[in-house]
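A quick write-up on the structure given underneath.
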Amino acid sequence: MALNRRKNRALSQCGFTLVELLVALALMALMAALSWRGLDGMVGANARLTAHADDVLTLQTGLAQWGADLDALALQPNTPSIDWDGRALRLLRRDSQSGTQGLHVVAWSQRLVGSSAYWLRWQSPPLTTRAELQAAWSQAARWGQNPSDEDRRLEVRIAPLQSWQLFFYRGGAWTNPLSSADTGAVAPAPVPSPAAAASSSIGGSSTGTAEASGAVAGAATASALPDGVRLRLTLPAGQAVSGVLTRDWSSPALGGSQ
């Protein structure tokens, strides 16, 4: 009997009391909470870093596309190759895949999307006739001012934008394209009849007086192209990239982009 009592006393001394068990559970819960907060902070930091990298990459891609559009400027009689109306910049550019695929009208603008202003790009489908080109040029102007739902389907959102400015380089100086100092405007050229516009293909030629007037208009358009374009973006605070960003482009005929 005495031996059994000693064994029971030894076994009871080897166990945990209820207080010790509760303290152990509290410490484990505290360690789990601290570990979760650390893990949650790491996940949040990784998400912010990924979003930051995505925003920077998107902006870089947009600026690269901007330069590519200017590098691919195309000349067509009776049609300007570049035009800035204070709201949107319209460009006539060659197809990036092949010169035989036709031309595109491209427009860049800033507009509210929801509650934020964004830098946007719009591009028409491939154009193969003069009628299609004229319709796309007008559609791009409408998109820059008061776009319809159909117009919005062709736009791409680039980056949040507070404001932007454009300057053309002509005659050895940067000028506002809308000011009187910018003298690169093209004089109005004879517009072909609707029937001729619908039947003629882009890049094709006419005969007689129409051919001569087209050649004059093409020469005027070429002379009106700026030697350089300066883009100045004001990016809002709180984004991956904020502040004023300036990008200069120079005509490839003058030695490539700056």
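Residue names in the structure tokens use chain letters A, B, ... in the order shown, residue numbers from 1 in each chain, and ligand numbers from 1 in the order shown.
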Close residues, region 231-241 of chain A itself excluded, 8 Å, only C-alpha atoms, min 2 positions apart in chain, as a compact mmCIF listing (two decimals) with N, CA and C atoms, in the first residue's frame:
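Printed below is around37.txt as written:
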```
# COMPACT_ATOMS: atom_id res chain seq x y z
N HIS A 52 3.22 48.35 -57.68
CA HIS A 52 4.15 49.42 -58.06
C HIS A 52 4.87 49.06 -59.34
N ALA A 53 5.36 47.82 -59.42
CA ALA A 53 6.08 47.38 -60.62
C ALA A 53 5.16 47.36 -61.84
N ASP A 55 2.49 49.26 -62.34
CA ASP A 55 2.21 50.64 -62.74
C ASP A 55 3.38 51.23 -63.53
N VAL A 56 4.60 50.96 -63.06
CA VAL A 56 5.79 51.48 -63.76
C VAL A 56 5.89 50.85 -65.14
N PRO A 160 -2.93 56.88 -64.72
CA PRO A 160 -3.55 58.08 -64.15
C PRO A 160 -2.78 59.33 -64.54
N LEU A 161 -3.50 60.40 -64.84
CA LEU A 161 -2.85 61.61 -65.35
C LEU A 161 -3.56 62.84 -64.80
N GLN A 162 -2.78 63.75 -64.25
CA GLN A 162 -3.35 65.00 -63.73
C GLN A 162 -3.51 66.03 -64.84
N SER A 163 -2.50 66.18 -65.68
CA SER A 163 -2.57 67.10 -66.82
C SER A 163 -1.45 66.74 -67.79
N TRP A 164 -1.55 67.28 -69.02
CA TRP A 164 -0.48 67.07 -69.99
C TRP A 164 -0.39 68.25 -70.92
N GLN A 165 0.81 68.43 -71.51
CA GLN A 165 1.08 69.51 -72.45
C GLN A 165 1.88 68.96 -73.62
N LEU A 166 1.71 69.62 -74.78
CA LEU A 166 2.46 69.25 -75.98
C LEU A 166 3.12 70.48 -76.56
N PHE A 167 4.32 70.29 -77.10
CA PHE A 167 5.05 71.33 -77.80
C PHE A 167 5.65 70.72 -79.07
N VAL A 229 8.61 66.53 -81.03
CA VAL A 229 7.41 66.66 -80.22
C VAL A 229 7.83 66.47 -78.76
N GLY A 243 4.68 63.34 -60.18
CA GLY A 243 5.42 64.53 -60.55
C GLY A 243 5.38 64.77 -62.05
N VAL A 244 6.27 65.64 -62.53
CA VAL A 244 6.31 66.02 -63.94
C VAL A 244 7.30 65.14 -64.69
N LEU A 245 6.84 64.54 -65.78
CA LEU A 245 7.67 63.69 -66.62
C LEU A 245 7.68 64.28 -68.03
N THR A 246 8.87 64.50 -68.57
CA THR A 246 9.01 65.08 -69.91
C THR A 246 9.71 64.09 -70.82
N ARG A 247 9.14 63.91 -72.02
CA ARG A 247 9.73 63.01 -73.01
C ARG A 247 9.79 63.75 -74.34
N ASP A 248 10.98 63.84 -74.92
CA ASP A 248 11.18 64.49 -76.21
C ASP A 248 11.33 63.44 -77.30
```
From a DSSP calculation on the backbone, collect every residue of region 77-158 of chain A in helix (DSSP H, G or I) and output the set as a ChimeraX atom specification.
/A:99-101,130-145,149-152
Export, as a compact mmCIF listing (two decimals), in the first residue's frame, the selected residues with C-alpha atoms.
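File written: part33.txt
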```
# COMPACT_ATOMS: atom_id res chain seq x y z
CA GLY A 99 3.16 48.34 -94.80
CA THR A 100 0.64 46.48 -96.96
CA GLN A 101 -1.91 46.21 -94.13
CA ARG A 130 -9.67 57.24 -98.37
CA ALA A 131 -13.30 57.15 -97.25
CA GLU A 132 -12.34 54.92 -94.31
CA LEU A 133 -9.44 57.22 -93.47
CA GLN A 134 -11.60 60.34 -93.45
CA ALA A 135 -14.25 58.61 -91.31
CA ALA A 136 -11.63 57.39 -88.82
CA TRP A 137 -10.03 60.86 -88.63
CA SER A 138 -13.41 62.37 -87.73
CA GLN A 139 -14.15 59.57 -85.28
CA ALA A 140 -10.83 60.20 -83.51
CA ALA A 141 -11.74 63.88 -83.10
CA ARG A 142 -15.14 62.91 -81.68
CA TRP A 143 -13.48 60.43 -79.31
CA GLY A 144 -11.27 63.21 -77.94
CA GLN A 145 -14.24 65.49 -77.29
CA ASP A 149 -19.73 53.77 -76.21
CA GLU A 150 -18.57 52.48 -79.59
CA ASP A 151 -15.63 54.89 -79.56
CA ARG A 152 -14.62 53.81 -76.04
```
Exercise. Give me the residues within 7 Å of region 106-122 of chain A as a list in words, counting only C-alpha atoms and dropping any in the same chain fewer than 5 places off.
Key: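 Answer for this query is Arg87, Ala88, Leu89, Arg90, Leu91, Leu92, Ala140, Gly144, Leu154, Glu155, Val156, Arg157, Ile158, Ala159, Pro160, Leu161 and Gln162 of chain A.
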Dump of N, CA and C atoms for the selected residues, as a PDB file, in the first residue's frame:
```pdb
ATOM      1  N   ARG A  87      -7.280  69.042 -76.915  1.00  0.00           N
ATOM      2  CA  ARG A  87      -7.852  67.939 -76.131  1.00  0.00           C
ATOM      3  C   ARG A  87      -7.239  66.603 -76.521  1.00  0.00           C
ATOM      4  N   ALA A  88      -7.045  66.404 -77.806  1.00  0.00           N
ATOM      5  CA  ALA A  88      -6.544  65.119 -78.304  1.00  0.00           C
ATOM      6  C   ALA A  88      -5.495  65.354 -79.379  1.00  0.00           C
ATOM      7  N   LEU A  89      -4.513  64.477 -79.416  1.00  0.00           N
ATOM      8  CA  LEU A  89      -3.519  64.470 -80.486  1.00  0.00           C
ATOM      9  C   LEU A  89      -3.870  63.330 -81.428  1.00  0.00           C
ATOM     10  N   ARG A  90      -4.123  63.676 -82.700  1.00  0.00           N
ATOM     11  CA  ARG A  90      -4.437  62.664 -83.705  1.00  0.00           C
ATOM     12  C   ARG A  90      -3.225  62.448 -84.597  1.00  0.00           C
ATOM     13  N   LEU A  91      -2.976  61.165 -84.913  1.00  0.00           N
ATOM     14  CA  LEU A  91      -1.838  60.792 -85.739  1.00  0.00           C
ATOM     15  C   LEU A  91      -2.306  59.843 -86.838  1.00  0.00           C
ATOM     16  N   LEU A  92      -1.676  59.951 -87.981  1.00  0.00           N
ATOM     17  CA  LEU A  92      -1.857  58.979 -89.054  1.00  0.00           C
ATOM     18  C   LEU A  92      -0.575  58.164 -89.126  1.00  0.00           C
ATOM     19  N   ALA A 140     -11.854  59.929 -84.516  1.00  0.00           N
ATOM     20  CA  ALA A 140     -10.832  60.198 -83.508  1.00  0.00           C
ATOM     21  C   ALA A 140     -11.051  61.559 -82.862  1.00  0.00           C
ATOM     22  N   GLY A 144     -11.986  62.295 -78.820  1.00  0.00           N
ATOM     23  CA  GLY A 144     -11.274  63.205 -77.939  1.00  0.00           C
ATOM     24  C   GLY A 144     -12.168  64.220 -77.263  1.00  0.00           C
ATOM     25  N   LEU A 154     -12.554  51.124 -78.455  1.00  0.00           N
ATOM     26  CA  LEU A 154     -11.260  51.095 -79.150  1.00  0.00           C
ATOM     27  C   LEU A 154     -10.164  51.787 -78.341  1.00  0.00           C
ATOM     28  N   GLU A 155     -10.454  52.218 -77.124  1.00  0.00           N
ATOM     29  CA  GLU A 155      -9.465  52.934 -76.332  1.00  0.00           C
ATOM     30  C   GLU A 155      -8.773  52.008 -75.340  1.00  0.00           C
ATOM     31  N   VAL A 156      -7.572  52.408 -74.949  1.00  0.00           N
ATOM     32  CA  VAL A 156      -6.790  51.680 -73.953  1.00  0.00           C
ATOM     33  C   VAL A 156      -6.401  52.663 -72.867  1.00  0.00           C
ATOM     34  N   ARG A 157      -6.618  52.280 -71.611  1.00  0.00           N
ATOM     35  CA  ARG A 157      -6.249  53.121 -70.480  1.00  0.00           C
ATOM     36  C   ARG A 157      -4.767  52.913 -70.162  1.00  0.00           C
ATOM     37  N   ILE A 158      -3.997  54.021 -70.178  1.00  0.00           N
ATOM     38  CA  ILE A 158      -2.549  53.915 -69.971  1.00  0.00           C
ATOM     39  C   ILE A 158      -2.180  54.113 -68.507  1.00  0.00           C
ATOM     40  N   ALA A 159      -2.424  55.289 -67.952  1.00  0.00           N
ATOM     41  CA  ALA A 159      -1.993  55.597 -66.593  1.00  0.00           C
ATOM     42  C   ALA A 159      -2.795  56.773 -66.053  1.00  0.00           C
ATOM     43  N   PRO A 160      -2.926  56.882 -64.722  1.00  0.00           N
ATOM     44  CA  PRO A 160      -3.554  58.079 -64.146  1.00  0.00           C
ATOM     45  C   PRO A 160      -2.779  59.326 -64.542  1.00  0.00           C
ATOM     46  N   LEU A 161      -3.496  60.402 -64.842  1.00  0.00           N
ATOM     47  CA  LEU A 161      -2.854  61.611 -65.351  1.00  0.00           C
ATOM     48  C   LEU A 161      -3.564  62.836 -64.805  1.00  0.00           C
ATOM     49  N   GLN A 162      -2.784  63.746 -64.245  1.00  0.00           N
ATOM     50  CA  GLN A 162      -3.351  64.996 -63.731  1.00  0.00           C
ATOM     51  C   GLN A 162      -3.515  66.029 -64.843  1.00  0.00           C
TER      52      GLN A 162
END
```
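Picture a line from CA of Arg170 (chain A) to CA of Gln60 (chain A); it runs 26.7 Å.
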Closest of A:Ala26, A:Ala64, A:Leu18, A:Leu73 to Arg93 (chain A), counting only C-alpha atoms, is A:Leu73
### Task
Would you return as a PyMOL selection string the members of region 23-203 of chain A that DSSP assigns to strand (DSSP E or B) on this structure's backbone?
chain A and resi 73+76+79+82-84+88-94+103-113+116-123+127+129+155-160+163-170+173-175+201
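Shortest separation to Trp249 (chain A) among A:Gly67, A:Gly44, A:Pro177, A:Gly102 occurs at residue A:Gly67, atoms counted being only C-alpha atoms.
Here CA of Val105 (chain A) and CA of Gly62 (chain A) stand 16.7 Å from one another.
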